[in-house]
Each structure stands twice: as structure tokens, then as C-alpha cells.
Amino acid sequence: MIGDLLPPGVAWAERFDDEVPGALYPVEEQVVAKAVPKRRREFATGRWCARQALHQLGVPPAPILPAERGAPGWPPGIAGSITHCDGYRAAVVTRLDAYASVGVDAEPDEPLPPGVLEAISLPEERAQLTGRPGRDRLLFCAKESIYKAWFPLARRWLDFTEARVELREGGTFSAEILVDGPVSGFEGRWLTGSGLLLAAVTVPR
Ligand SMILES: CC(C)(COP(=O)(O)OP(=O)(O)OC[C@H]1O[C@@H](n2cnc3c(N)ncnc32)[C@H](O)[C@@H]1OP(=O)(O)O)[C@@H](O)C(=O)NCCC(=O)NCCS
């Protein structure tokens with residue numbers, strides 16, 4: 001599914017289960033050694049997806065440890081992004097000479113819990129959701145994909161209200177970043193299917 005959102009030059013892998021053999025290096029095992037089984041499984045399958053995608057770029061397998069604020073520590077010259085939600089895991093990677101950053105997010109295709117939309121959106125974003133049931137979680141998904149692409153470039157937090165997202169029917173979105181930083185906007189793509197919402201942004205060089 002995720003491959004439908006990505007331009008040439010971005011490699012990807014996805015799984016709908018956790019049946020992946022020998023997924024983690026010992027040094028990665030230590031990261032989740034005290035985590036609950038669900039977290040251990042999603043972390044391991046995310047790393048497996050990442051190594052599968054890196055292999056497509058010709059990058060040999062190596063540990064991918066969490067780096068600053070939880071962002072994956074990619075090999076030199078690589079940008080990438082990992083996502084997982086119930087029933088889905090994916091990783092995307094690209095060479096930094098092709099794209100400056102990438103971000104992906106997956107969510108269940110279900111409405112947000114009550115009160116969350118107000119916390120993660122601007123009034124004008126809520127206005128565009130009027131008459132579009134089920135799109136509140138898609139807005140959230142797009143924003144999370146933006147954060148994952150933003151953080152490795154800016155190395156600072158981006159609040160949900162610091163990006164103004166316009167979701168377009170047809171599977172695209174754009175975002176205006178409302179604070180100073182290395183990027184003033186993002187262009188992304190989204191899709192729904194198999195009970196999932198997926199969003200991806202790529203930042204050209
Ligand atoms: C970090 C965050 C985006 C993760 O999203 P999520 O939907 O909770 O979880 P996902 O499974 O999709 O993604 C988790 C993965 O994101 C990646 N990630 C975590 N922190 C990250 C960061 N600072 N930068 C980039 N990627 C990050 C990791 O790979 C993580 O998986 P791993 O720990 O197994 O390696 C989210 O928890 C968060 O903090 N959001 C608030 C910031 C935000 O979204 N602002 C909106 C700006 S418009």
C-alpha cells in the first residue's frame with residue numbers, strides 16, 4: 001500500500017503481521033528489553049521493514065538504533081521513516097542525495113476519540129472537515145507524517161497547531177509550516193484501504 005504514495009527513489013517495505021525471522025540485533029533488543037510484548041513486536045517488525053527497504057538501496061544490514069527524540073538513527077547518507085499501528089508496519093528510506101527527508105504514518109481508519117480533533121487542529125482545518133466524515137483521523141495522520149519528516153531536518157518539536165494542512169480529495173495534501181525552520185511547507189499523499197489510513201511526505205532536495 002505505502003508504495004502507492006512514494007515517488008521513484010524511495011524504497012519501502014511493509015507487513016500486515018509480525019511473522020519476521022530474526023528481526024533484531026542484540027543492541028536493538030536492549031532498546032525494547034523492558035517493553036511490553038506489543039511494543040517489542042512492532043519495534044522488531046519496523047526494523048525488519050527498514051532493513052528490507054535499505055537492502056533495495058544496496059545498504060547492508062546494520063542496527064538502527066533510536067537517536068534524538070526517538071527518530072531512527074539511519075546509516076550515513078540515508079533518510080527514512082517508520083510507522084506501525086494495529087495490523088500494519090512499514091518503513092521507507094531514500095538516499096539523501098535524492099530527497100532531504102521523508103515521513104510516513106499509518107493509522108486505523110476510525111474516527112478520533114472525542115476531544116482529540118480540537119487538540120490537534122486549527123479552526124480552518126476543522127472547517128474543511130465539515131461534511132467529510134472520517135477525515136479527522138486522516139488530518140492527524142498527515143500531521144504525524146509531517147512531523148516525522150520535519151524533525152530530522154529541524155531537530156525540534158513541531159506542534160500540531162504549527163502546521164496548517166489542506167487535505168484534498170484524490171489523495172494529496174499540502175502543509176504550510178507556521179514557524180521558522182528549514183522547511184516552509186510539505187507536499188504529501190494519502191490513501192485509505194484495508195481499514196487503514198496512510199500518509200507520506202517527501203522533501204525534495
Ligand atoms: C513521534 C510520533 C510522530 C510517532 O507517531 P505515532 O503515530 O505515535 O507512531 P508510529 O508508529 O506511526 O511511529 C512511531 C515511529 O516514529 C518514529 N519516530 C519517533 N520519534 C520520531 C522523531 N522525533 N522524528 C522522526 N521519527 C520519529 C520512530 O521510528 C517510531 O518507531 P520506533 O520507535 O519503533 O522506531 C508521535 O508519537 C508524536 O510525538 N507526535 C507529536 C508531534 C507531531 O506529530 N506534531 C504534528 C506536527 S504538524
# chains A, B, ... in the order shown; residues from 1 in each chain; ligands from 1
>>> residues_near_ligand(ligand="ligand 1", cutoff="7 Å", atoms="only C-alpha atoms and all ligand atoms", output="CSV table (one decimal) with all heavy atoms, in the first residue's frame")
chain,number,residue,atom,x,y,z
A,42,GLU,N,6.1,-4.6,17.4
A,42,GLU,CA,6.1,-3.5,16.4
A,42,GLU,C,7.5,-3.0,16.1
A,42,GLU,O,7.8,-2.6,15.0
A,42,GLU,CB,5.1,-2.4,16.8
A,42,GLU,CG,5.6,-1.6,18.0
A,42,GLU,CD,4.6,-0.4,18.3
A,42,GLU,OE1,3.4,-0.5,18.0
A,42,GLU,OE2,5.1,0.6,19.0
A,43,PHE,N,8.3,-2.9,17.2
A,43,PHE,CA,9.6,-2.3,17.0
A,43,PHE,C,10.4,-3.3,16.1
A,43,PHE,O,11.1,-2.9,15.2
A,43,PHE,CB,10.3,-2.2,18.4
A,43,PHE,CG,11.7,-1.7,18.3
A,43,PHE,CD1,11.9,-0.3,18.3
A,43,PHE,CD2,12.8,-2.5,18.4
A,43,PHE,CE1,13.2,0.2,18.2
A,43,PHE,CE2,14.1,-2.0,18.4
A,43,PHE,CZ,14.3,-0.6,18.3
A,46,GLY,N,9.1,-3.2,12.5
A,46,GLY,CA,9.5,-2.0,11.9
A,46,GLY,C,11.0,-2.0,11.5
A,46,GLY,O,11.4,-1.6,10.3
A,66,PRO,N,17.3,3.9,18.0
A,66,PRO,CA,16.7,5.2,18.2
A,66,PRO,C,17.7,6.3,18.5
A,66,PRO,O,18.6,6.1,19.3
A,66,PRO,CB,15.8,5.0,19.4
A,66,PRO,CG,15.6,3.5,19.6
A,66,PRO,CD,16.9,2.9,19.0
A,68,GLU,N,18.1,10.9,18.3
A,68,GLU,CA,17.5,12.0,19.0
A,68,GLU,C,16.0,12.0,19.1
A,68,GLU,O,15.3,11.8,18.0
A,68,GLU,CB,17.9,13.3,18.3
A,68,GLU,CG,17.7,14.6,19.0
A,68,GLU,CD,18.3,15.8,18.3
A,68,GLU,OE1,19.0,15.5,17.2
A,68,GLU,OE2,18.2,16.9,18.8
A,69,ARG,N,15.4,12.1,20.2
A,69,ARG,CA,13.9,12.1,20.4
A,69,ARG,C,13.2,11.0,19.8
A,69,ARG,O,12.0,11.2,19.3
A,69,ARG,CB,13.3,13.5,19.9
A,69,ARG,CG,13.9,14.7,20.6
A,69,ARG,CD,13.0,15.5,21.4
A,69,ARG,NE,13.5,16.8,21.6
A,69,ARG,CZ,12.9,17.9,21.3
A,69,ARG,NH1,11.6,17.9,20.9
A,69,ARG,NH2,13.4,19.1,21.5
A,70,GLY,N,13.8,9.9,19.7
A,70,GLY,CA,13.1,8.7,19.1
A,70,GLY,C,13.2,8.5,17.7
A,70,GLY,O,12.7,7.5,17.1
A,71,ALA,N,13.8,9.5,16.9
A,71,ALA,CA,13.9,9.3,15.5
A,71,ALA,C,14.9,8.2,15.2
A,71,ALA,O,15.9,8.1,15.9
A,71,ALA,CB,14.4,10.6,14.9
A,72,PRO,N,14.6,7.4,14.2
A,72,PRO,CA,15.5,6.3,13.9
A,72,PRO,C,16.9,6.8,13.5
A,72,PRO,O,17.0,7.8,12.7
A,72,PRO,CB,14.9,5.6,12.7
A,72,PRO,CG,13.4,6.0,12.7
A,72,PRO,CD,13.4,7.4,13.3
A,81,SER,N,11.8,6.7,7.4
A,81,SER,CA,10.7,6.9,8.4
A,81,SER,C,10.1,5.5,8.6
A,81,SER,O,10.0,4.7,7.7
A,81,SER,CB,9.7,7.9,7.8
A,81,SER,OG,8.7,8.1,8.8
A,82,ILE,N,9.6,5.3,9.8
A,82,ILE,CA,9.0,4.1,10.2
A,82,ILE,C,7.6,4.4,10.8
A,82,ILE,O,7.5,5.4,11.5
A,82,ILE,CB,9.9,3.3,11.3
A,82,ILE,CG1,11.2,2.9,10.7
A,82,ILE,CG2,9.1,2.1,11.9
A,82,ILE,CD1,12.2,2.4,11.7
A,83,THR,N,6.6,3.5,10.6
A,83,THR,CA,5.4,3.6,11.2
A,83,THR,C,4.8,2.3,11.6
A,83,THR,O,5.2,1.3,11.0
A,83,THR,CB,4.3,4.4,10.3
A,83,THR,OG1,3.1,4.6,11.1
A,83,THR,CG2,4.0,3.6,9.1
A,84,HIS,N,4.0,2.2,12.6
A,84,HIS,CA,3.3,1.0,12.9
A,84,HIS,C,2.0,1.3,13.6
A,84,HIS,O,1.9,2.3,14.4
A,84,HIS,CB,4.1,0.0,13.8
A,84,HIS,CG,5.2,0.6,14.6
A,84,HIS,ND1,5.0,1.6,15.5
A,84,HIS,CD2,6.5,0.4,14.6
A,84,HIS,CE1,6.2,2.0,16.1
A,84,HIS,NE2,7.1,1.3,15.5
A,85,CYS,N,0.9,0.6,13.3
A,85,CYS,CA,-0.3,0.6,14.0
A,85,CYS,C,-0.9,-0.8,14.0
A,85,CYS,O,-0.3,-1.7,13.4
A,85,CYS,CB,-1.3,1.6,13.4
A,85,CYS,SG,-2.0,1.2,11.8
A,105,ASP,N,3.1,7.8,8.0
A,105,ASP,CA,2.3,7.5,9.2
A,105,ASP,C,1.2,6.6,8.8
A,105,ASP,O,0.6,6.8,7.7
A,105,ASP,CB,1.8,8.7,9.9
A,105,ASP,CG,1.2,8.4,11.3
A,105,ASP,OD1,2.0,7.9,12.1
A,105,ASP,OD2,0.0,8.5,11.5
A,106,ALA,N,0.8,5.7,9.6
A,106,ALA,CA,-0.3,4.8,9.4
A,106,ALA,C,-1.2,4.8,10.6
A,106,ALA,O,-0.7,4.9,11.8
A,106,ALA,CB,0.1,3.3,9.2
A,107,GLU,N,-2.5,4.9,10.4
A,107,GLU,CA,-3.5,4.9,11.5
A,107,GLU,C,-4.7,4.0,11.1
A,107,GLU,O,-4.9,3.8,9.9
A,107,GLU,CB,-4.0,6.3,11.6
A,107,GLU,CG,-3.0,7.4,12.0
A,107,GLU,CD,-2.6,7.3,13.4
A,107,GLU,OE1,-3.4,6.8,14.3
A,107,GLU,OE2,-1.4,7.6,13.7
A,143,LYS,N,-0.5,15.0,9.7
A,143,LYS,CA,0.3,15.8,10.6
A,143,LYS,C,1.5,14.9,11.2
A,143,LYS,O,2.6,15.4,11.3
A,143,LYS,CB,-0.5,16.4,11.7
A,143,LYS,CG,-1.4,17.5,11.1
A,143,LYS,CD,-2.0,18.4,12.2
A,143,LYS,CE,-2.6,19.7,11.5
A,143,LYS,NZ,-2.7,20.8,12.4
A,144,GLU,N,1.2,13.7,11.5
A,144,GLU,CA,2.3,12.9,12.1
A,144,GLU,C,3.3,12.6,11.0
A,144,GLU,O,4.5,12.5,11.3
A,144,GLU,CB,1.7,11.6,12.7
A,144,GLU,CG,0.7,11.9,13.8
A,144,GLU,CD,1.0,11.2,15.1
A,144,GLU,OE1,0.8,10.0,15.2
A,144,GLU,OE2,1.6,11.9,16.0
A,145,SER,N,2.9,12.4,9.8
A,145,SER,CA,3.9,12.1,8.7
A,145,SER,C,4.7,13.4,8.5
A,145,SER,O,5.9,13.3,8.3
A,145,SER,CB,3.2,11.7,7.4
A,145,SER,OG,2.5,12.8,6.8
A,146,ILE,N,4.1,14.5,8.6
A,146,ILE,CA,4.8,15.8,8.5
A,146,ILE,C,5.9,15.9,9.6
A,146,ILE,O,7.0,16.3,9.4
A,146,ILE,CB,3.9,17.0,8.5
A,146,ILE,CG1,3.1,17.0,7.2
A,146,ILE,CG2,4.6,18.3,8.8
A,146,ILE,CD1,1.8,17.9,7.3
A,147,TYR,N,5.5,15.6,10.8
A,147,TYR,CA,6.4,15.7,12.0
A,147,TYR,C,7.6,14.8,11.7
A,147,TYR,O,8.8,15.2,12.0
A,147,TYR,CB,5.7,15.4,13.3
A,147,TYR,CG,6.7,15.4,14.5
A,147,TYR,CD1,7.2,16.6,14.9
A,147,TYR,CD2,7.1,14.2,15.1
A,147,TYR,CE1,8.0,16.7,16.0
A,147,TYR,CE2,8.0,14.3,16.2
A,147,TYR,CZ,8.4,15.5,16.6
A,147,TYR,OH,9.3,15.5,17.7
A,148,LYS,N,7.4,13.6,11.3
A,148,LYS,CA,8.5,12.6,11.1
A,148,LYS,C,9.5,13.1,10.0
A,148,LYS,O,10.6,12.8,10.1
A,148,LYS,CB,7.9,11.3,10.7
A,148,LYS,CG,7.2,10.6,11.9
A,148,LYS,CD,6.7,9.2,11.5
A,148,LYS,CE,5.8,8.7,12.6
A,148,LYS,NZ,5.3,7.3,12.1
A,149,ALA,N,9.0,13.8,9.0
A,149,ALA,CA,9.9,14.4,8.0
A,149,ALA,C,10.5,15.7,8.5
A,149,ALA,O,11.7,16.0,8.2
A,149,ALA,CB,9.1,14.7,6.7
A,151,PHE,N,11.2,16.6,11.8
A,151,PHE,CA,12.1,16.5,12.9
A,151,PHE,C,13.6,16.3,12.5
A,151,PHE,O,14.5,17.0,13.0
A,151,PHE,CB,11.7,15.5,13.9
A,151,PHE,CG,12.6,15.4,15.1
A,151,PHE,CD1,12.4,16.4,16.1
A,151,PHE,CD2,13.7,14.6,15.2
A,151,PHE,CE1,13.3,16.4,17.2
A,151,PHE,CE2,14.5,14.6,16.2
A,151,PHE,CZ,14.4,15.5,17.2
A,152,PRO,N,13.9,15.4,11.6
A,152,PRO,CA,15.3,15.2,11.3
A,152,PRO,C,16.0,16.4,10.6
A,152,PRO,O,17.2,16.6,10.7
A,152,PRO,CB,15.3,14.0,10.3
A,152,PRO,CG,14.0,13.3,10.6
A,152,PRO,CD,13.0,14.4,10.9
A,157,TRP,N,10.8,20.2,18.1
A,157,TRP,CA,9.4,19.8,18.1
A,157,TRP,C,8.6,20.7,17.2
A,157,TRP,O,9.0,21.9,16.9
A,157,TRP,CB,8.9,20.1,19.6
A,157,TRP,CG,7.5,19.9,19.8
A,157,TRP,CD1,6.5,20.9,20.0
A,157,TRP,CD2,6.8,18.7,19.9
A,157,TRP,NE1,5.3,20.3,20.2
A,157,TRP,CE2,5.4,19.0,20.2
A,157,TRP,CE3,7.2,17.3,19.9
A,157,TRP,CZ2,4.4,18.0,20.3
A,157,TRP,CZ3,6.2,16.4,20.0
A,157,TRP,CH2,4.9,16.7,20.3
A,158,LEU,N,7.5,20.1,16.6
A,158,LEU,CA,6.6,20.9,15.8
A,158,LEU,C,5.2,20.6,16.4
A,158,LEU,O,4.8,19.4,16.3
A,158,LEU,CB,6.7,20.5,14.3
A,158,LEU,CG,5.8,21.3,13.4
A,158,LEU,CD1,6.3,22.8,13.3
A,158,LEU,CD2,5.7,20.7,12.0
A,159,ASP,N,4.6,21.6,16.9
A,159,ASP,CA,3.3,21.4,17.5
A,159,ASP,C,2.2,21.1,16.4
A,159,ASP,O,2.4,21.6,15.3
A,159,ASP,CB,2.9,22.6,18.4
A,159,ASP,CG,1.7,22.2,19.3
A,159,ASP,OD1,1.9,21.6,20.3
A,159,ASP,OD2,0.5,22.5,18.9
A,160,PHE,N,1.2,20.4,16.8
A,160,PHE,CA,0.1,20.2,15.8
A,160,PHE,C,-0.5,21.5,15.3
A,160,PHE,O,-1.1,21.5,14.2
A,160,PHE,CB,-1.0,19.3,16.5
A,160,PHE,CG,-0.7,17.9,16.6
A,160,PHE,CD1,-0.2,17.4,17.8
A,160,PHE,CD2,-0.8,17.0,15.5
A,160,PHE,CE1,0.1,16.0,18.0
A,160,PHE,CE2,-0.5,15.7,15.7
A,160,PHE,CZ,0.0,15.2,16.9
A,161,THR,N,-0.4,22.5,16.0
A,161,THR,CA,-1.0,23.8,15.6
A,161,THR,C,0.0,24.7,14.9
A,161,THR,O,-0.3,25.8,14.5
A,161,THR,CB,-1.6,24.6,16.8
A,161,THR,OG1,-0.6,24.8,17.7
A,161,THR,CG2,-2.8,23.9,17.4
A,162,GLU,N,1.2,24.1,14.6
A,162,GLU,CA,2.2,24.9,13.9
A,162,GLU,C,2.3,24.5,12.4
A,162,GLU,O,3.3,24.9,11.7
A,162,GLU,CB,3.6,24.7,14.6
A,162,GLU,CG,3.6,25.4,16.0
A,162,GLU,CD,4.9,25.2,16.7
A,162,GLU,OE1,5.5,24.1,16.6
A,162,GLU,OE2,5.2,26.1,17.5
A,163,ALA,N,1.4,23.7,12.0
A,163,ALA,CA,1.3,23.4,10.5
A,163,ALA,C,-0.1,23.5,10.1
A,163,ALA,O,-1.0,23.0,10.8
A,163,ALA,CB,1.9,22.0,10.3
>>> select_by_dssp(residues="range 17-203 of chain A", states="strand (DSSP E)", output="JSON, numbers by chain")
{"A": [78, 79, 80, 81, 82, 83, 84, 85, 88, 89, 90, 91, 92, 93, 94, 95, 99, 100, 101, 102, 103, 104, 105, 106, 107, 108, 163, 164, 165, 166, 167, 168, 172, 173, 174, 175, 176, 177, 185, 186, 187, 188, 189, 190, 191, 192, 193, 196, 197, 198, 199, 200, 201, 202, 203]}
>>> closest_residue(among="A:Val203, A:Leu117, A:Leu96, A:Ala79", to="Pro7 in chain A", atoms="only C-alpha atoms")
A:Val203
>>> residues_around(residues="range 179-187 of chain A", least_positions_apart="6", cutoff="8 Å", atoms="only C-alpha atoms", output="PDB file with all heavy atoms, in the first residue's frame")
ATOM      1  N   ILE A 146       4.102  14.549   8.638  1.00  0.00           N
ATOM      2  CA  ILE A 146       4.847  15.811   8.506  1.00  0.00           C
ATOM      3  C   ILE A 146       5.884  15.928   9.620  1.00  0.00           C
ATOM      4  O   ILE A 146       7.043  16.284   9.377  1.00  0.00           O
ATOM      5  CB  ILE A 146       3.856  16.995   8.533  1.00  0.00           C
ATOM      6  CG1 ILE A 146       3.054  17.026   7.218  1.00  0.00           C
ATOM      7  CG2 ILE A 146       4.573  18.322   8.788  1.00  0.00           C
ATOM      8  CD1 ILE A 146       1.814  17.881   7.280  1.00  0.00           C
ATOM      9  N   TRP A 150       9.808  16.447   9.303  1.00  0.00           N
ATOM     10  CA  TRP A 150      10.287  17.723   9.825  1.00  0.00           C
ATOM     11  C   TRP A 150      11.424  17.535  10.831  1.00  0.00           C
ATOM     12  O   TRP A 150      12.444  18.220  10.783  1.00  0.00           O
ATOM     13  CB  TRP A 150       9.123  18.457  10.502  1.00  0.00           C
ATOM     14  CG  TRP A 150       9.468  19.518  11.496  1.00  0.00           C
ATOM     15  CD1 TRP A 150       9.638  19.356  12.854  1.00  0.00           C
ATOM     16  CD2 TRP A 150       9.692  20.911  11.247  1.00  0.00           C
ATOM     17  NE1 TRP A 150       9.934  20.553  13.442  1.00  0.00           N
ATOM     18  CE2 TRP A 150       9.979  21.525  12.484  1.00  0.00           C
ATOM     19  CE3 TRP A 150       9.671  21.704  10.098  1.00  0.00           C
ATOM     20  CZ2 TRP A 150      10.246  22.881  12.613  1.00  0.00           C
ATOM     21  CZ3 TRP A 150       9.934  23.068  10.217  1.00  0.00           C
ATOM     22  CH2 TRP A 150      10.222  23.635  11.459  1.00  0.00           C
ATOM     23  N   LEU A 153      15.160  17.244   9.991  1.00  0.00           N
ATOM     24  CA  LEU A 153      15.688  18.467   9.381  1.00  0.00           C
ATOM     25  C   LEU A 153      15.831  19.586  10.413  1.00  0.00           C
ATOM     26  O   LEU A 153      16.835  20.298  10.439  1.00  0.00           O
ATOM     27  CB  LEU A 153      14.750  18.940   8.253  1.00  0.00           C
ATOM     28  CG  LEU A 153      14.581  17.975   7.086  1.00  0.00           C
ATOM     29  CD1 LEU A 153      13.475  18.476   6.161  1.00  0.00           C
ATOM     30  CD2 LEU A 153      15.895  17.833   6.333  1.00  0.00           C
ATOM     31  N   ALA A 154      14.792  19.752  11.235  1.00  0.00           N
ATOM     32  CA  ALA A 154      14.747  20.889  12.169  1.00  0.00           C
ATOM     33  C   ALA A 154      15.330  20.546  13.532  1.00  0.00           C
ATOM     34  O   ALA A 154      15.787  21.452  14.244  1.00  0.00           O
ATOM     35  CB  ALA A 154      13.302  21.338  12.331  1.00  0.00           C
ATOM     36  N   GLU A 162       1.198  24.139  14.605  1.00  0.00           N
ATOM     37  CA  GLU A 162       2.238  24.895  13.908  1.00  0.00           C
ATOM     38  C   GLU A 162       2.350  24.506  12.423  1.00  0.00           C
ATOM     39  O   GLU A 162       3.282  24.920  11.741  1.00  0.00           O
ATOM     40  CB  GLU A 162       3.582  24.722  14.613  1.00  0.00           C
ATOM     41  CG  GLU A 162       3.589  25.395  15.986  1.00  0.00           C
ATOM     42  CD  GLU A 162       4.877  25.193  16.746  1.00  0.00           C
ATOM     43  OE1 GLU A 162       5.534  24.131  16.600  1.00  0.00           O
ATOM     44  OE2 GLU A 162       5.239  26.099  17.533  1.00  0.00           O
ATOM     45  N   THR A 172      -4.110  13.795  -2.134  1.00  0.00           N
ATOM     46  CA  THR A 172      -2.938  14.638  -1.896  1.00  0.00           C
ATOM     47  C   THR A 172      -3.227  15.587  -0.741  1.00  0.00           C
ATOM     48  O   THR A 172      -4.390  15.832  -0.381  1.00  0.00           O
ATOM     49  CB  THR A 172      -2.542  15.460  -3.133  1.00  0.00           C
ATOM     50  OG1 THR A 172      -3.610  16.340  -3.463  1.00  0.00           O
ATOM     51  CG2 THR A 172      -2.216  14.554  -4.311  1.00  0.00           C
ATOM     52  N   PHE A 173      -2.181  16.120  -0.144  1.00  0.00           N
ATOM     53  CA  PHE A 173      -2.336  17.179   0.856  1.00  0.00           C
ATOM     54  C   PHE A 173      -1.110  18.079   0.808  1.00  0.00           C
ATOM     55  O   PHE A 173      -0.053  17.704   0.289  1.00  0.00           O
ATOM     56  CB  PHE A 173      -2.557  16.625   2.275  1.00  0.00           C
ATOM     57  CG  PHE A 173      -1.436  15.798   2.837  1.00  0.00           C
ATOM     58  CD1 PHE A 173      -0.436  16.383   3.619  1.00  0.00           C
ATOM     59  CD2 PHE A 173      -1.385  14.422   2.630  1.00  0.00           C
ATOM     60  CE1 PHE A 173       0.580  15.628   4.165  1.00  0.00           C
ATOM     61  CE2 PHE A 173      -0.369  13.657   3.175  1.00  0.00           C
ATOM     62  CZ  PHE A 173       0.628  14.251   3.935  1.00  0.00           C
ATOM     63  N   VAL A 201       5.006  12.038   3.200  1.00  0.00           N
ATOM     64  CA  VAL A 201       5.568  13.253   2.600  1.00  0.00           C
ATOM     65  C   VAL A 201       7.015  12.987   2.218  1.00  0.00           C
ATOM     66  O   VAL A 201       7.730  12.235   2.894  1.00  0.00           O
ATOM     67  CB  VAL A 201       5.495  14.473   3.545  1.00  0.00           C
ATOM     68  CG1 VAL A 201       4.050  14.838   3.842  1.00  0.00           C
ATOM     69  CG2 VAL A 201       6.257  14.237   4.834  1.00  0.00           C
ATOM     70  N   THR A 202       7.439  13.589   1.126  1.00  0.00           N
ATOM     71  CA  THR A 202       8.847  13.550   0.734  1.00  0.00           C
ATOM     72  C   THR A 202       9.282  14.993   0.527  1.00  0.00           C
ATOM     73  O   THR A 202       8.526  15.807  -0.013  1.00  0.00           O
ATOM     74  CB  THR A 202       9.051  12.758  -0.574  1.00  0.00           C
ATOM     75  OG1 THR A 202       8.067  13.172  -1.530  1.00  0.00           O
ATOM     76  CG2 THR A 202       8.951  11.267  -0.361  1.00  0.00           C
ATOM     77  N   VAL A 203      10.484  15.292   0.977  1.00  0.00           N
ATOM     78  CA  VAL A 203      11.014  16.656   0.873  1.00  0.00           C
ATOM     79  C   VAL A 203      12.100  16.656  -0.195  1.00  0.00           C
ATOM     80  O   VAL A 203      13.152  16.022  -0.016  1.00  0.00           O
ATOM     81  CB  VAL A 203      11.599  17.117   2.231  1.00  0.00           C
ATOM     82  CG1 VAL A 203      12.116  18.548   2.121  1.00  0.00           C
ATOM     83  CG2 VAL A 203      10.552  16.994   3.330  1.00  0.00           C
TER      84      VAL A 203
END
>>> select_by_dssp(residues="range 31-103 of chain A", states="helix (DSSP H, G or I)", output="PyMOL selection string")
chain A and resi 31+37-56+68-70
>>> closest_atom_pairs(of="range 82-158 of chain A", to="range 8-24 of chain A", cutoff="12 Å", atoms="only C-alpha atoms", output="Markdown table")
| residue | atom | partner | partner_atom | distance |
| --- | --- | --- | --- | --- |
| A:Ile82 | CA | A:Glu14 | CA | 9.7 |
| A:Thr83 | CA | A:Glu14 | CA | 9.4 |
| A:His84 | CA | A:Arg15 | CA | 9.3 |
| A:Cys85 | CA | A:Phe16 | CA | 9.7 |
| A:Asp86 | CA | A:Phe16 | CA | 8.7 |
| A:Gly87 | CA | A:Phe16 | CA | 5.1 |
| A:Tyr88 | CA | A:Phe16 | CA | 4.6 |
| A:Arg89 | CA | A:Arg15 | CA | 5.2 |
| A:Ala90 | CA | A:Glu14 | CA | 4.1 |
| A:Ala91 | CA | A:Ala13 | CA | 5.6 |
| A:Val92 | CA | A:Trp12 | CA | 4.3 |
| A:Val93 | CA | A:Ala11 | CA | 5.3 |
| A:Thr94 | CA | A:Val10 | CA | 4.7 |
| A:Arg95 | CA | A:Gly9 | CA | 7.6 |
| A:Leu96 | CA | A:Gly9 | CA | 10.2 |
| A:Asp97 | CA | A:Gly9 | CA | 10.0 |
| A:Ala98 | CA | A:Gly9 | CA | 6.7 |
| A:Tyr99 | CA | A:Gly9 | CA | 8.2 |
| A:Ala100 | CA | A:Val10 | CA | 11.3 |
| A:Ser101 | CA | A:Val10 | CA | 10.3 |
| A:Val102 | CA | A:Val10 | CA | 8.6 |
| A:Gly103 | CA | A:Val10 | CA | 11.1 |
| A:Val104 | CA | A:Trp12 | CA | 10.5 |
| A:Asp105 | CA | A:Glu14 | CA | 12.0 |
| A:Ala106 | CA | A:Glu14 | CA | 10.9 |
>>> closest_residue(among="A:Gly171, A:Gly77, A:Val59, A:Pro113", to="Ala200 in chain A", atoms="only C-alpha atoms")
A:Gly171
>>> residues_around(residues="Thr192 in chain A", least_positions_apart="3", cutoff="10 Å", atoms="only C-alpha atoms", output="count of residues only")
12
>>> residues_around(residues="range 131-135 of chain A", least_positions_apart="4", cutoff="8 Å", atoms="only C-alpha atoms", output="PDB file with C-alpha atoms, in the first residue's frame")
ATOM      1  CA  ASP A 109      -9.376   4.196   9.599  1.00  0.00           C
ATOM      2  CA  GLU A 110     -11.560   5.140  12.547  1.00  0.00           C
ATOM      3  CA  PRO A 111     -12.741   8.473  13.943  1.00  0.00           C
ATOM      4  CA  LEU A 139      -5.755  15.021   9.257  1.00  0.00           C
TER       5      LEU A 139
END
